[in-house]
Amino acid sequence: MSAFEASAPAAPPVPASFPPKELRQACDEIVARYPTRMAACLPVLHLAQKHFGGWISPEVEAGVAAYLEVSDSHIRGLLTFYAMFNTRPSGRHEVWVCRTLTCWLRGAAGLRRTALAKAGVDRCGVESPDGRFLVKDMECLGLCEVAPAVFIDGAPHTEVTTESLEQLMDACE
Amino acid sequence: MTAKKKASKKKAAAKGPAGSTPAPARAQRGADGVYPETQILSRNFGVEDSWTLAVAREQGAYTMLEKALATMTPAQVVEEVKTSRLRGRGGAGFPTGVKWGFIPQDSKKTKYLVLNADESEPGTFKDRYLMELDPHLVLEGCLLCAYATGLDVIYIYIRGEYPLSITRMEGAIEEARQAGYLGKNILGKQGFTVEAHVHPGAGAYICGEETGMLESLEGKRGHPRIKPPFPAVEGAFGCPTVINNVETLAHVPCIIEFGGAWFAGLGIQPDPANPRALGSSGTKLMGVSGDVKNPGVWEFEFGITLRELIYDYAGGPLDGRKVKAVIPGGLSMPVLTAGELDVPMGYDALQKVGSGLGTATAIVMDDACDMVEACENIAHFFADESCGQCTPCREGCHWMEKIFARIKAGEGTPKDLDLLEHLFVNIEGRTICALADAAVWPLRSILRKFRHEFLAQMPGQSDPALPAGSAAVGAR
Ligand SMILES: Cc1cc2nc3c(=O)[nH]c(=O)nc-3n(C[C@H](O)[C@H](O)[C@H](O)COP(=O)(O)O)c2cc1C
Ligand code: SF4
Ligand code: FES
């Protein structure tokens with residue numbers, strides 16, 4: 001789970017208008033599935049993250065909170081708990097490298113080094129300086145029989161080698 | 001397409017109308033001594049477009065729902081499942097029929113089924129096959145559970161990292177709704193009204209723990225609850241709730257088809273001399289991953305040995321390597337050594353040798369695996385995934401990881417091993433949920449069974465009995 005933020009914000013965020021009209025119907029349908037509005041948080045945050053460029057800014061966080069009638073801090077609690085959400089700009093391409101036992105046995109540590117080198121960063125979880133990549137260390141992705149596994153922008157890649165990972169990342173804009 | 005066996009060679013024969021096929025017979029080792037695969041749950045895995053309603057119907061999908069609605073009372077369905085001695089496939093092995101019996105029938109509240117499709121246990125990928133290749137079987141199992149226990153709403157909690165499972169289950173729900181298998185008065189049965197929705201997770205192992213899952217479903221952080229109250233009485237949104245694993249419920253249609261007694265006759269019988277040995281009836285999806293030639297998932301009747309699974313199906317170790325250690329079911333079970341593999345895959349048998357069936361998906365480590373590094377890797381997983389509510393788990397998993405890192409860096413002393421043992425005692429059984437126990441079990445067993453490898457990495461402690469190069473080999 002994510003580390004503590006280094007600095008406090010200067011002012012409360014101005015809530016984004018949420019849902020935007022493209023998401024209105026989908027969000028309302030999601031809310032209708034549950035007896036409480038709060039229960040819609042995860043599916044709605046997934047939609048919001050996809051729509052707003054791969055991360056949830058404080059403004060979007062406040063917008064979702066207002067829509068679902070929960071506090072901003074409730075949403076922040078979710079964003080920092082669940083590995084799939086990002087609270088910082090996430091680059092144009094998100095690369096998840098599985099690090100758990102089976103993938104590690106099959107060479108995941110080398111993939112991680114390759115991914116970080118390609119992105120030009122020294123650790124996971126930070127956007128690359130050119131804004132192209134965010135490399136994330138993930139726990140078992142459930143593709144162990146075809147390990148090692150990598151996801152790029154939500155799409156699974158299996159039996160990945162350092163060479164094939166370089167090619168996959170080269171193909172990213 | 002992520003299910004590896006999609007283009008499998010077998011072509012299942014159309015099943016035809018209910019009751020027209022004979023019940024599959026018991027598995028017997030052939031003349032070659034090989035334990036055969038079974039295709040009951042997995043019978044449609046090789047069929048083209050098996051996930052669509054049109055194809056699934058040709059294979060008999062929903063005929064068991066029809067049969068139950070037309071000829072059985074809900075109580076009879078529960079009885080049949082009790083007779084089958086079906087046990088939960090999510091890891092804990094609780095008898096499914098007994099769990100269903102806990103749902104209060106006099107309650108006026110909405111009742112829920114939360115299908116556990118979180119499948120975040122490392123090394124586990126079996127439910128993914130069911131959801132990707134036979135989502136209508138999964139849904140039919142859910143509907144039979146809903147009928148048996150009087151449920152109103154089904155939430156299928158699928159981990160967010162399973163995009164194809166989410167798509168396929170959502171597609172199946174939509175098709176089923178249009179065909180009248182979901183919604184109001186299903187198949188004309190007055191009062192049998194059930195809705196189903198997929199709920200996506202967002203990356204948190206702890207949401208596979210049943211009450212962590214309920215919190216997550218309610219839109220909160222996945223913090224497991226203190227029990228009691230149990231979910232059967234006070235589960236999702238404060239209402240009676242059944243929580244079952246995907247594979248558990250996928251077994252129910254065939255139990256209705258061939259009968260609970262047939263299912264109970266498959267696999268390993270209970271031990272009459274030991275009331276706690278409830279047996280392992282039926283079949284199970286079993287998998288192998290890690291250092292083997294042919295990792296994968298297969299369906300077997302309980303009883304195949306771990307060795308047969310690894311050597312006859314997963315192809316054995318990679319060329320020139322030897323199996324060193326195996327965790328038989330996911331990451332959360334005690335490890336077995338290469339000499340301990342002749343144990344039948346079953347709940348009681350694995351418990352008897354000090355491990356557990358878990359999810360029945362083995363992780364194999366070979367002789368190139370450095371056990372200190374493996375422990376660091378395992379401890380990191382649990383430290384990363386601890387929800388943080390309980391001090392022993394939150395702090396303890398990080399401490400264990402740091403101690404293993406210290407040993408790996410050549411800065412450990414034998415005192416560190418005592419410290420680890422002290423931590424194990426102070427973590428296991430002292431927390432709200434079983435994640436902390438799950439961290440202790442593999443680590444403690446590795447430490448005890450491969451102690452020499454830990455000592456070998458400590459300055460001045462190298463073990464002369466150790467063959468050269470057998471520790472600290474694999475710079476992964
Ligand atoms: C830390 C932890 C993680 C778990 N993860 C899963 C999981 O991913 N899938 C699952 O079906 N059960 C998981 N379980 C077991 C569930 O708590 C629960 O026992 C199970 O879903 C019950 O269904 P069953 O009786 O059909 O097996 C987990 C348990 C713990 C303690
Ligand atoms: S044992 Fe760990 S994961 Fe389970 S509730 Fe406690 S802190 Fe959370
Ligand atoms: S360990 Fe990497 S996908 Fe399971």
# chains A, B, ... in the order shown; residues from 1 in each chain; ligands from 1
>>> closest_atom_pairs(of="chain B", to="chain A", cutoff="8 Å", atoms="only C-alpha atoms", output="JSON lines")
{"residue": "B:Thr2", "atom": "CA", "partner": "A:Pro156", "partner_atom": "CA", "distance": 7.5}
{"residue": "B:Lys4", "atom": "CA", "partner": "A:Val146", "partner_atom": "CA", "distance": 7.5}
{"residue": "B:Glu119", "atom": "CA", "partner": "A:Gly142", "partner_atom": "CA", "distance": 7.2}
{"residue": "B:Ser120", "atom": "CA", "partner": "A:Gly142", "partner_atom": "CA", "distance": 6.7}
{"residue": "B:Glu121", "atom": "CA", "partner": "A:Cys140", "partner_atom": "CA", "distance": 7.4}
{"residue": "B:Pro122", "atom": "CA", "partner": "A:Cys140", "partner_atom": "CA", "distance": 5.2}
{"residue": "B:Gly123", "atom": "CA", "partner": "A:Cys144", "partner_atom": "CA", "distance": 5.5}
{"residue": "B:Thr124", "atom": "CA", "partner": "A:Gly142", "partner_atom": "CA", "distance": 6.0}
{"residue": "B:Phe125", "atom": "CA", "partner": "A:Gly142", "partner_atom": "CA", "distance": 5.0}
{"residue": "B:Arg128", "atom": "CA", "partner": "A:Gly142", "partner_atom": "CA", "distance": 7.8}
{"residue": "B:Gly160", "atom": "CA", "partner": "A:Met84", "partner_atom": "CA", "distance": 7.7}
{"residue": "B:Glu161", "atom": "CA", "partner": "A:Leu141", "partner_atom": "CA", "distance": 6.3}
{"residue": "B:Tyr162", "atom": "CA", "partner": "A:Gly142", "partner_atom": "CA", "distance": 7.9}
{"residue": "B:Pro163", "atom": "CA", "partner": "A:Gly154", "partner_atom": "CA", "distance": 7.7}
{"residue": "B:His197", "atom": "CA", "partner": "A:Arg33", "partner_atom": "CA", "distance": 7.2}
{"residue": "B:His199", "atom": "CA", "partner": "A:Pro43", "partner_atom": "CA", "distance": 7.0}
{"residue": "B:Pro200", "atom": "CA", "partner": "A:Pro43", "partner_atom": "CA", "distance": 6.2}
{"residue": "B:Gly201", "atom": "CA", "partner": "A:Leu42", "partner_atom": "CA", "distance": 7.0}
{"residue": "B:Ala202", "atom": "CA", "partner": "A:Met84", "partner_atom": "CA", "distance": 5.2}
{"residue": "B:Gly203", "atom": "CA", "partner": "A:Ala83", "partner_atom": "CA", "distance": 4.7}
{"residue": "B:Ala204", "atom": "CA", "partner": "A:Tyr82", "partner_atom": "CA", "distance": 5.6}
{"residue": "B:Ser216", "atom": "CA", "partner": "A:Ala39", "partner_atom": "CA", "distance": 7.9}
{"residue": "B:Leu217", "atom": "CA", "partner": "A:Ala39", "partner_atom": "CA", "distance": 6.0}
{"residue": "B:Glu218", "atom": "CA", "partner": "A:Ala39", "partner_atom": "CA", "distance": 4.2}
{"residue": "B:Gly219", "atom": "CA", "partner": "A:Ala39", "partner_atom": "CA", "distance": 4.0}
{"residue": "B:Lys220", "atom": "CA", "partner": "A:Leu78", "partner_atom": "CA", "distance": 6.7}
{"residue": "B:Arg221", "atom": "CA", "partner": "A:Leu78", "partner_atom": "CA", "distance": 5.7}
{"residue": "B:Phe237", "atom": "CA", "partner": "A:Pro35", "partner_atom": "CA", "distance": 7.7}
{"residue": "B:Gly287", "atom": "CA", "partner": "A:Glu145", "partner_atom": "CA", "distance": 7.9}
{"residue": "B:Val288", "atom": "CA", "partner": "A:Glu145", "partner_atom": "CA", "distance": 7.0}
{"residue": "B:Ser289", "atom": "CA", "partner": "A:Glu145", "partner_atom": "CA", "distance": 5.1}
{"residue": "B:Gly290", "atom": "CA", "partner": "A:Thr102", "partner_atom": "CA", "distance": 4.9}
{"residue": "B:Asp291", "atom": "CA", "partner": "A:Leu105", "partner_atom": "CA", "distance": 6.8}
{"residue": "B:Pro295", "atom": "CA", "partner": "A:Glu145", "partner_atom": "CA", "distance": 5.0}
{"residue": "B:Gly296", "atom": "CA", "partner": "A:Glu145", "partner_atom": "CA", "distance": 5.1}
{"residue": "B:Val297", "atom": "CA", "partner": "A:Glu145", "partner_atom": "CA", "distance": 7.7}
{"residue": "B:Ile363", "atom": "CA", "partner": "A:Thr102", "partner_atom": "CA", "distance": 6.8}
{"residue": "B:Met365", "atom": "CA", "partner": "A:Leu105", "partner_atom": "CA", "distance": 7.4}
{"residue": "B:Cys369", "atom": "CA", "partner": "A:Leu105", "partner_atom": "CA", "distance": 7.4}
{"residue": "B:Ala374", "atom": "CA", "partner": "A:Leu101", "partner_atom": "CA", "distance": 7.1}
{"residue": "B:Asn377", "atom": "CA", "partner": "A:Leu101", "partner_atom": "CA", "distance": 6.4}
{"residue": "B:Ile378", "atom": "CA", "partner": "A:Leu101", "partner_atom": "CA", "distance": 6.6}
{"residue": "B:Phe381", "atom": "CA", "partner": "A:Thr100", "partner_atom": "CA", "distance": 6.8}
{"residue": "B:Asp384", "atom": "CA", "partner": "A:Met1", "partner_atom": "CA", "distance": 6.6}
{"residue": "B:Glu385", "atom": "CA", "partner": "A:Met1", "partner_atom": "CA", "distance": 7.8}
{"residue": "B:Arg476", "atom": "CA", "partner": "A:Gly107", "partner_atom": "CA", "distance": 6.1}
>>> residues_around(residues="B:Ala27", least_positions_apart="2", cutoff="10 Å", atoms="only C-alpha atoms", output="ChimeraX atom specification")
/B:24-25,29-30,35-38,266-267,283,300-304
>>> write_last_selection(atoms="N, CA, C and O atoms", output="compact mmCIF listing (two decimals), in the first residue's frame")
# COMPACT_ATOMS: atom_id res chain seq x y z
N PRO B 24 -20.49 -40.33 -14.54
CA PRO B 24 -19.09 -40.72 -14.73
C PRO B 24 -18.64 -41.67 -13.62
O PRO B 24 -18.99 -41.50 -12.45
N ALA B 25 -17.87 -42.70 -14.04
CA ALA B 25 -17.43 -43.71 -13.08
C ALA B 25 -16.20 -43.23 -12.32
O ALA B 25 -15.60 -42.22 -12.66
N ARG B 29 -6.38 -45.99 -11.69
CA ARG B 29 -5.08 -45.93 -12.36
C ARG B 29 -5.07 -46.96 -13.47
O ARG B 29 -5.51 -48.09 -13.28
N GLY B 30 -4.57 -46.57 -14.66
CA GLY B 30 -4.58 -47.47 -15.81
C GLY B 30 -3.49 -48.53 -15.68
O GLY B 30 -2.77 -48.59 -14.68
N TYR B 35 -2.66 -42.11 -13.12
CA TYR B 35 -3.94 -41.66 -12.57
C TYR B 35 -4.63 -40.81 -13.62
O TYR B 35 -4.06 -39.83 -14.10
N PRO B 36 -5.85 -41.16 -14.02
CA PRO B 36 -6.46 -40.45 -15.15
C PRO B 36 -7.04 -39.09 -14.78
O PRO B 36 -7.45 -38.86 -13.65
N GLU B 37 -7.09 -38.21 -15.76
CA GLU B 37 -7.82 -36.95 -15.62
C GLU B 37 -9.31 -37.25 -15.63
O GLU B 37 -9.73 -38.26 -16.20
N THR B 38 -10.09 -36.37 -15.08
CA THR B 38 -11.55 -36.50 -15.11
C THR B 38 -12.11 -35.26 -15.76
O THR B 38 -11.52 -34.18 -15.63
N LEU B 266 -17.13 -40.51 -5.08
CA LEU B 266 -15.87 -40.19 -5.77
C LEU B 266 -14.86 -39.67 -4.75
O LEU B 266 -15.23 -39.08 -3.75
N GLY B 267 -13.58 -39.87 -5.06
CA GLY B 267 -12.55 -39.28 -4.22
C GLY B 267 -12.23 -40.11 -3.00
O GLY B 267 -12.23 -41.34 -3.07
N THR B 283 -14.49 -34.27 -7.34
CA THR B 283 -13.30 -33.95 -8.13
C THR B 283 -12.84 -32.55 -7.76
O THR B 283 -13.51 -31.82 -7.04
N PHE B 300 -9.07 -33.70 -11.42
CA PHE B 300 -8.89 -35.08 -10.96
C PHE B 300 -9.87 -35.37 -9.85
O PHE B 300 -10.28 -34.48 -9.10
N GLU B 301 -10.18 -36.66 -9.72
CA GLU B 301 -10.80 -37.10 -8.49
C GLU B 301 -9.76 -36.97 -7.40
O GLU B 301 -8.57 -37.23 -7.64
N PHE B 302 -10.17 -36.61 -6.22
CA PHE B 302 -9.22 -36.58 -5.10
C PHE B 302 -8.55 -37.95 -5.00
O PHE B 302 -9.19 -38.98 -5.19
N GLY B 303 -7.26 -37.96 -4.68
CA GLY B 303 -6.57 -39.22 -4.51
C GLY B 303 -5.29 -39.32 -5.31
O GLY B 303 -4.39 -40.09 -4.97
N ILE B 304 -5.19 -38.57 -6.40
CA ILE B 304 -3.92 -38.52 -7.12
C ILE B 304 -2.87 -37.99 -6.13
O ILE B 304 -3.18 -37.15 -5.29
>>> residues_near_ligand(ligand="ligand 1", cutoff="9 Å", atoms="only C-alpha atoms and all ligand atoms", output="ChimeraX atom specification")
/B:87-96,99,114-122,124,127,159,205-213,224,242-249,332,359,382,385-386,433-438
>>> atom_distance(atom1="atom CA of A:Ser17", atom2="atom CA of A:Val60")
7.8 Å
>>> closest_residue(among="B:Met286, B:Pro328, B:Trp262, B:Arg225", to="ligand 2", atoms="only C-alpha atoms and all ligand atoms")
B:Arg225
>>> closest_residue(among="B:Ile256, B:Ala146, B:Val343, B:Leu331", to="ligand 3", atoms="only C-alpha atoms and all ligand atoms")
B:Leu331
>>> residues_around(residues="A:Pro58", least_positions_apart="4", cutoff="10 Å", atoms="only C-alpha atoms", output="ChimeraX atom specification")
/A:9,12-16,62-64,72,75-76,87-88
>>> write_last_selection(atoms="N, CA and C atoms", output="mmCIF file, in the first residue's frame")
data_model
loop_
_atom_site.group_PDB
_atom_site.id
_atom_site.type_symbol
_atom_site.label_atom_id
_atom_site.label_comp_id
_atom_site.auth_asym_id
_atom_site.auth_seq_id
_atom_site.Cartn_x
_atom_site.Cartn_y
_atom_site.Cartn_z
ATOM 1 N N PRO A 9 -1.595 19.415 1.254
ATOM 2 C CA PRO A 9 -2.035 20.339 0.202
ATOM 3 C C PRO A 9 -2.236 21.746 0.770
ATOM 4 N N PRO A 12 -8.125 23.028 0.032
ATOM 5 C CA PRO A 12 -8.964 21.887 -0.346
ATOM 6 C C PRO A 12 -9.153 21.846 -1.858
ATOM 7 N N PRO A 13 -9.264 20.669 -2.445
ATOM 8 C CA PRO A 13 -9.434 20.580 -3.895
ATOM 9 C C PRO A 13 -10.819 21.065 -4.316
ATOM 10 N N VAL A 14 -10.902 21.618 -5.492
ATOM 11 C CA VAL A 14 -12.196 21.973 -6.067
ATOM 12 C C VAL A 14 -12.761 20.698 -6.696
ATOM 13 N N PRO A 15 -13.902 20.205 -6.195
ATOM 14 C CA PRO A 15 -14.395 18.929 -6.729
ATOM 15 C C PRO A 15 -14.647 18.999 -8.231
ATOM 16 N N ALA A 16 -14.180 17.974 -8.942
ATOM 17 C CA ALA A 16 -14.498 17.876 -10.368
ATOM 18 C C ALA A 16 -15.985 17.587 -10.489
ATOM 19 N N ALA A 62 -12.691 14.189 -4.921
ATOM 20 C CA ALA A 62 -13.755 14.966 -4.267
ATOM 21 C C ALA A 62 -15.057 14.880 -5.062
ATOM 22 N N GLY A 63 -14.924 14.831 -6.394
ATOM 23 C CA GLY A 63 -16.120 14.732 -7.238
ATOM 24 C C GLY A 63 -16.831 13.400 -7.028
ATOM 25 N N VAL A 64 -16.064 12.304 -6.998
ATOM 26 C CA VAL A 64 -16.654 10.981 -6.783
ATOM 27 C C VAL A 64 -17.278 10.920 -5.391
ATOM 28 N N ASP A 72 -14.500 12.728 1.302
ATOM 29 C CA ASP A 72 -13.286 12.654 0.478
ATOM 30 C C ASP A 72 -12.320 11.648 1.091
ATOM 31 N N ILE A 75 -12.888 8.069 0.194
ATOM 32 C CA ILE A 75 -12.357 7.730 -1.138
ATOM 33 C C ILE A 75 -10.837 7.611 -1.083
ATOM 34 N N ARG A 76 -10.193 8.552 -0.384
ATOM 35 C CA ARG A 76 -8.730 8.476 -0.288
ATOM 36 C C ARG A 76 -8.299 7.165 0.381
ATOM 37 N N THR A 87 -2.877 7.494 -7.281
ATOM 38 C CA THR A 87 -3.167 8.836 -6.772
ATOM 39 C C THR A 87 -2.184 9.858 -7.329
ATOM 40 N N ARG A 88 -1.389 9.426 -8.305
ATOM 41 C CA ARG A 88 -0.469 10.342 -8.988
ATOM 42 C C ARG A 88 -0.549 10.058 -10.474
#
>>> residues_around(residues="A:Leu168", least_positions_apart="5", cutoff="12 Å", atoms="only C-alpha atoms", output="JSON, numbers by chain")
{"A": [93, 94, 95, 111, 114, 115, 118, 150, 151, 152, 153, 155, 156, 157, 158, 160, 161, 162, 163, 173]}
>>> atom_distance(atom1="atom CA of B:Ala314", atom2="atom CA of B:Lys293")
6.3 Å
>>> closest_residue(among="B:Ile432, B:Ala23, B:Ala232, B:Leu130", to="ligand 2", atoms="only C-alpha atoms and all ligand atoms")
B:Ile432
>>> closest_residue(among="A:Arg92, A:Gln25, A:Val31, A:Gly131", to="A:Glu69", atoms="only C-alpha atoms")
A:Val31
>>> closest_residue(among="B:Met400, B:Asn274, B:Leu423, B:Lys126", to="ligand 3", atoms="only C-alpha atoms and all ligand atoms")
B:Lys126
